[in-house]
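Here is protein18.cif, consisting of mmCIF, C-alpha atoms:
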```cif
data_final
#
loop_
_atom_site.label_atom_id
_atom_site.label_comp_id
_atom_site.auth_asym_id
_atom_site.auth_seq_id
_atom_site.Cartn_x
_atom_site.Cartn_y
_atom_site.Cartn_z
CA PHE E 26 -101.51 52.81 -77.24
CA PHE E 27 -102.44 52.39 -73.59
CA SER E 28 -101.19 55.86 -72.65
CA TRP E 29 -103.27 57.65 -75.26
CA LEU E 30 -106.32 55.43 -74.71
CA ALA E 31 -106.35 56.59 -71.09
CA PHE E 32 -106.43 60.26 -72.03
CA PHE E 33 -108.98 59.92 -74.84
CA ALA E 34 -111.28 58.19 -72.34
CA MET E 35 -110.75 61.01 -69.85
CA TRP E 36 -111.34 63.79 -72.38
CA SER E 37 -114.62 62.27 -73.54
CA MET E 38 -116.03 60.97 -70.24
CA ALA E 39 -114.57 62.93 -67.30
CA THR E 40 -117.47 65.39 -67.02
CA PRO E 41 -120.33 62.85 -66.98
CA ALA E 42 -118.27 60.46 -64.83
CA LEU E 43 -117.33 62.94 -62.11
CA THR E 44 -120.54 64.95 -62.00
CA GLU E 45 -122.42 61.70 -61.43
CA HIS E 46 -120.07 59.76 -59.19
CA VAL E 47 -118.28 62.45 -57.16
CA PHE E 48 -120.66 65.42 -57.18
CA LYS E 49 -123.86 63.31 -57.19
CA ALA E 50 -125.27 65.71 -59.79
CA PRO E 51 -125.73 63.80 -63.06
CA ALA E 52 -127.13 65.49 -66.14
CA PRO E 53 -130.95 65.28 -65.84
CA ASP E 54 -132.94 63.65 -68.64
CA PRO E 55 -135.74 66.03 -69.77
CA ALA E 56 -137.80 63.00 -70.83
CA GLN E 57 -138.06 62.04 -67.17
CA PHE E 58 -139.82 65.31 -66.27
CA ASP E 59 -143.28 66.61 -67.17
CA MET E 60 -142.45 70.15 -68.18
CA ALA E 61 -146.14 71.06 -68.23
CA ASP E 62 -146.17 70.55 -64.47
CA ALA E 63 -144.66 73.54 -62.65
CA SER E 64 -143.17 71.45 -59.85
CA GLN E 65 -141.63 68.99 -62.33
CA ALA E 66 -140.21 71.84 -64.40
CA ALA E 67 -138.73 73.42 -61.27
CA ALA E 68 -137.21 70.09 -60.27
CA PHE E 69 -135.60 69.78 -63.70
CA GLN E 70 -134.18 73.30 -63.50
CA ALA E 71 -132.75 72.60 -60.05
CA ALA E 72 -131.17 69.32 -61.19
CA ASN E 73 -129.80 70.93 -64.34
CA GLY E 74 -128.37 73.83 -62.34
CA ALA E 75 -126.61 71.41 -59.99
CA PHE E 76 -125.19 69.54 -62.99
CA GLN E 77 -123.93 72.73 -64.63
CA ASP E 78 -122.24 73.85 -61.42
CA ALA E 79 -120.61 70.43 -61.02
CA ALA E 80 -119.49 70.41 -64.67
CA ASP E 81 -117.87 73.82 -64.19
CA LEU E 82 -115.96 72.52 -61.18
CA VAL E 83 -114.83 69.42 -63.09
CA GLY E 84 -113.43 71.70 -65.78
CA SER E 85 -111.63 73.75 -63.13
CA TYR E 86 -110.14 70.67 -61.48
CA MET E 87 -109.01 69.30 -64.84
CA GLY E 88 -106.92 72.43 -65.23
CA TYR E 89 -104.65 71.10 -62.49
CA TYR E 90 -103.38 68.29 -64.71
CA GLY E 91 -102.18 70.91 -67.19
CA LEU E 92 -100.48 72.89 -64.45
CA SER E 93 -98.92 69.76 -62.98
CA SER E 94 -97.63 68.57 -66.35
CA MET E 95 -96.02 71.96 -67.00
CA LEU E 96 -94.20 71.92 -63.67
CA VAL E 97 -93.04 68.32 -64.10
CA ALA E 98 -91.79 69.03 -67.63
CA LEU E 99 -89.79 72.00 -66.34
CA LEU E 100 -88.26 69.94 -63.53
CA LEU E 101 -87.32 67.14 -65.94
CA SER E 102 -85.70 69.58 -68.35
CA PHE E 103 -83.66 71.20 -65.58
CA TYR E 104 -82.58 67.80 -64.26
CA ALA E 105 -81.73 66.40 -67.71
CA ALA E 106 -79.58 69.45 -68.46
CA ARG E 107 -77.31 68.57 -65.56
CA PHE E 108 -77.50 64.82 -64.99
CA PRO E 109 -78.10 61.63 -67.01
CA LEU E 110 -81.80 60.79 -67.09
CA ASN E 111 -83.08 57.22 -66.96
CA ARG E 112 -85.97 57.79 -69.35
CA LYS E 113 -87.46 54.34 -68.89
CA ALA E 114 -87.59 54.70 -65.11
CA VAL E 115 -89.04 58.22 -65.35
CA HIS E 116 -91.74 57.11 -67.77
CA PHE E 117 -92.55 54.01 -65.73
CA GLY E 118 -92.94 56.00 -62.52
CA SER E 119 -94.97 58.70 -64.26
CA LEU E 120 -97.43 56.22 -65.75
CA ILE E 121 -97.85 54.52 -62.37
CA LEU E 122 -98.61 57.87 -60.70
CA GLY E 123 -101.04 58.77 -63.46
CA GLY E 124 -102.79 55.42 -63.13
CA ILE E 125 -103.14 55.95 -59.39
CA GLY E 126 -104.54 59.41 -60.08
CA PHE E 127 -107.26 58.04 -62.36
CA LEU E 128 -108.15 55.16 -60.05
CA SER E 129 -108.32 57.49 -57.04
CA MET E 130 -111.23 59.33 -58.67
CA TRP E 131 -113.40 56.34 -57.78
CA PHE E 132 -112.55 56.71 -54.08
CA VAL E 133 -112.23 60.46 -53.40
CA PRO E 134 -114.24 61.40 -50.27
CA GLN E 135 -114.74 65.03 -51.33
CA PRO E 136 -114.69 66.76 -54.75
CA ALA E 137 -111.71 68.93 -53.73
CA TRP E 138 -109.56 65.78 -53.61
CA LEU E 139 -109.84 65.68 -57.40
CA ILE E 140 -107.12 68.34 -57.43
CA VAL E 141 -104.67 65.72 -56.17
CA SER E 142 -106.01 63.12 -58.60
CA PHE E 143 -105.58 65.40 -61.60
CA ALA E 144 -102.16 66.56 -60.41
CA LEU E 145 -101.02 62.91 -60.52
CA VAL E 146 -102.56 62.54 -63.97
CA GLY E 147 -100.55 65.59 -65.04
CA VAL E 148 -97.32 63.82 -64.12
CA ALA E 149 -98.18 61.07 -66.61
CA TRP E 150 -99.17 63.60 -69.26
CA ALA E 151 -95.83 65.42 -69.01
CA SER E 152 -93.99 62.14 -69.54
CA ILE E 153 -96.25 60.90 -72.35
CA LEU E 154 -95.51 64.01 -74.40
CA SER E 155 -91.75 63.49 -74.27
CA MET E 156 -90.35 60.22 -72.93
CA PRO E 157 -91.72 57.77 -75.53
CA TYR E 158 -90.22 59.85 -78.34
CA ALA E 159 -86.90 60.09 -76.53
CA LEU E 160 -86.86 56.32 -75.97
CA LEU E 161 -87.70 55.65 -79.61
CA SER E 162 -85.10 58.05 -81.00
CA SER E 163 -82.30 56.26 -79.14
CA HIS E 164 -83.14 52.92 -80.79
CA VAL E 165 -83.98 53.84 -84.39
CA PRO E 166 -81.35 54.50 -87.09
CA GLY E 167 -81.36 58.13 -88.13
CA GLU E 168 -82.08 57.36 -91.80
CA LYS E 169 -85.28 55.51 -90.82
CA MET E 170 -86.47 57.96 -88.18
CA GLY E 171 -89.26 59.40 -90.36
CA ILE E 172 -90.74 55.99 -91.09
CA TYR E 173 -90.69 54.84 -87.49
CA MET E 174 -92.05 58.13 -86.17
CA GLY E 175 -94.96 57.81 -88.61
CA ILE E 176 -95.70 54.28 -87.39
CA PHE E 177 -95.27 55.47 -83.82
CA ASN E 178 -97.80 58.26 -84.32
CA MET E 179 -100.37 55.76 -85.57
CA PHE E 180 -100.62 54.64 -81.97
CA ILE E 181 -101.98 58.05 -81.08
CA VAL E 182 -104.73 57.74 -83.70
CA ILE E 183 -105.62 54.07 -83.15
CA PRO E 184 -106.57 54.44 -79.45
CA GLN E 185 -108.69 57.47 -80.37
CA ILE E 186 -110.64 55.29 -82.82
CA VAL E 187 -110.92 52.51 -80.24
CA ALA E 188 -112.17 54.92 -77.56
CA ALA E 189 -114.68 56.54 -79.91
CA THR E 190 -116.14 53.26 -81.13
CA LEU E 191 -115.92 50.90 -78.17
CA LEU E 192 -115.95 52.94 -74.96
CA GLY E 193 -119.65 53.81 -75.12
CA PRO E 194 -120.85 50.24 -75.79
CA VAL E 195 -118.52 48.84 -73.10
CA LEU E 196 -119.86 51.28 -70.51
CA ARG E 197 -123.48 50.53 -71.46
CA HIS E 198 -123.29 46.76 -71.67
CA VAL E 199 -120.59 45.90 -69.15
CA PHE E 200 -120.80 48.67 -66.54
CA ASP E 201 -124.52 49.52 -66.67
CA SER E 202 -123.77 53.00 -68.12
CA ALA E 203 -121.77 54.07 -65.04
CA ALA E 204 -119.46 56.64 -66.63
CA ILE E 205 -116.96 56.56 -63.74
CA TYR E 206 -115.69 53.25 -65.11
CA ALA E 207 -114.26 55.15 -68.09
CA LEU E 208 -111.79 56.71 -65.65
CA VAL E 209 -111.16 53.34 -64.01
CA ILE E 210 -110.33 52.05 -67.51
CA SER E 211 -108.01 55.04 -67.93
CA GLY E 212 -106.18 54.14 -64.72
CA ALA E 213 -105.86 50.48 -65.66
CA SER E 214 -104.68 51.49 -69.12
CA LEU E 215 -101.84 53.61 -67.75
CA LEU E 216 -100.77 50.79 -65.45
CA LEU E 217 -100.74 48.40 -68.43
CA GLY E 218 -98.66 50.94 -70.34
CA ALA E 219 -96.17 50.97 -67.47
CA LEU E 220 -95.96 47.17 -67.51
CA CYS E 221 -95.25 47.25 -71.26
CA LEU E 222 -92.07 49.17 -70.51
CA ALA E 223 -90.59 45.93 -69.20
CA GLY E 224 -89.65 45.11 -72.78
CA VAL E 225 -87.87 48.43 -73.38
CA ARG E 226 -84.11 48.62 -72.96
CA GLU E 227 -82.31 51.90 -72.33
CA PRO E 228 -78.93 52.20 -74.11
CA ALA E 229 -75.97 52.27 -71.75
CA ILE E 230 -74.89 55.80 -70.90
CA GLU E 231 -71.33 56.33 -72.08
CA PRO E 232 -69.14 58.27 -69.64
CA GLU E 233 -67.98 61.60 -70.98
CA PRO E 234 -64.26 61.75 -71.83
CA LEU E 235 -62.05 63.59 -69.37
#
```

Entire entry expressed as structure tokens:
Amino acid sequence: FFSWLAFFAMWSMATPALTEHVFKAPAPDPAQFDMADASQAAAFQAANGAFQDAADLVGSYMGYYGLSSMLVALLLSFYAARFPLNRKAVHFGSLILGGIGFLSMWFVPQPAWLIVSFALVGVAWASILSMPYALLSSHVPGEKMGIYMGIFNMFIVIPQIVAATLLGPVLRHVFDSAAIYALVISGASLLLGALCLAGVREPAIEPEPL
């Protein structure tokens, strides 16, 4: 739940959050400009152009989380093919790094630092797409796997519903419509997801027979 909530919040709010907070180029409100006045119309066009440029850069920087997740997934697959993998520890560390990546977006001194932030987010994304399923499959009887996977997948849909219905009102009424707090919520959510792993137990790894 917490893992997917973090990413649904990012997908819906990253552009307004980062264009406003990091690039200082929020989307201009046409109602705030008198388009009949040439100077006001020019000011709107300038502000809108700055926003569009910033939004393009946000999209480019977000691409780094996809690249990072691909590289991490490859490294994990190579490692797991040769050595036993502590899936709980890997997932815990990945969620912590992803949470730090989201929270760092509040503090970045320059937009280019978002590359590092999104690269850390990509580490969490690579783990989210694989480790929870691997952890579940080792605890559920094979004859009930379909049932439990269906229940498990509900917790991809439920956080999407929560994000769609509650994130906007929370930002408006609690955070004075500052969209950057959506990404702060994402970071806190991944850290909470990591803490929830405390209740997960990895099966003991049986030594291979000689």

Exercise: E:Leu139 partners within 9 Å, only C-alpha atoms, chain neighbours under 5 positions left out, as a list in words: Val83, Tyr86, Met87, Gly126, Ser129, Met130, Val133 and Ala144 of chain E

Residues returned when the PyMOL selection byres ((chain E and resi 160) around 10) runs on this file, as a list in words: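 Given this file, the PyMOL selection byres ((chain E and resi 160) around 10) evaluates to Asn111, Arg112, Lys113, His116, Ser155, Met156, Pro157, Tyr158, Ala159, Leu161, Ser162, Ser163, His164, Val165, Val225, Arg226, Glu227 and Pro228 of chain E.
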
For the residues selected in the previous step, produce a file with C-alpha atoms as a PDB file, in the coordinates of the input.
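Result file out_9.pdb:
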```pdb
ATOM      1  CA  ASN E 111     -83.080  57.220 -66.960  1.00  0.00           C
ATOM      2  CA  ARG E 112     -85.970  57.790 -69.350  1.00  0.00           C
ATOM      3  CA  LYS E 113     -87.460  54.340 -68.890  1.00  0.00           C
ATOM      4  CA  HIS E 116     -91.740  57.110 -67.770  1.00  0.00           C
ATOM      5  CA  SER E 155     -91.750  63.490 -74.270  1.00  0.00           C
ATOM      6  CA  MET E 156     -90.350  60.220 -72.930  1.00  0.00           C
ATOM      7  CA  PRO E 157     -91.720  57.770 -75.530  1.00  0.00           C
ATOM      8  CA  TYR E 158     -90.220  59.850 -78.340  1.00  0.00           C
ATOM      9  CA  ALA E 159     -86.900  60.090 -76.530  1.00  0.00           C
ATOM     10  CA  LEU E 161     -87.700  55.650 -79.610  1.00  0.00           C
ATOM     11  CA  SER E 162     -85.100  58.050 -81.000  1.00  0.00           C
ATOM     12  CA  SER E 163     -82.300  56.260 -79.140  1.00  0.00           C
ATOM     13  CA  HIS E 164     -83.140  52.920 -80.790  1.00  0.00           C
ATOM     14  CA  VAL E 165     -83.980  53.840 -84.390  1.00  0.00           C
ATOM     15  CA  VAL E 225     -87.870  48.430 -73.380  1.00  0.00           C
ATOM     16  CA  ARG E 226     -84.110  48.620 -72.960  1.00  0.00           C
ATOM     17  CA  GLU E 227     -82.310  51.900 -72.330  1.00  0.00           C
ATOM     18  CA  PRO E 228     -78.930  52.200 -74.110  1.00  0.00           C
TER      19      PRO E 228
END
```

Coordinates-based distance that separates atom CA of E:Ala66 from atom CA of E:Gln135 (Å, one decimal): 29.4 Å

Result set, the PyMOL selection byres ((chain E and resi 52) around 6) on current file, as a PyMOL selection string: chain E and resi 51+53+76

Point-to-point distance from atom CA of E:Trp36 to atom CA of E:Tyr206, Å rounded to tenths: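 If I compute the distance from atom CA of E:Trp36 to atom CA of E:Tyr206, I get 13.5 Å.
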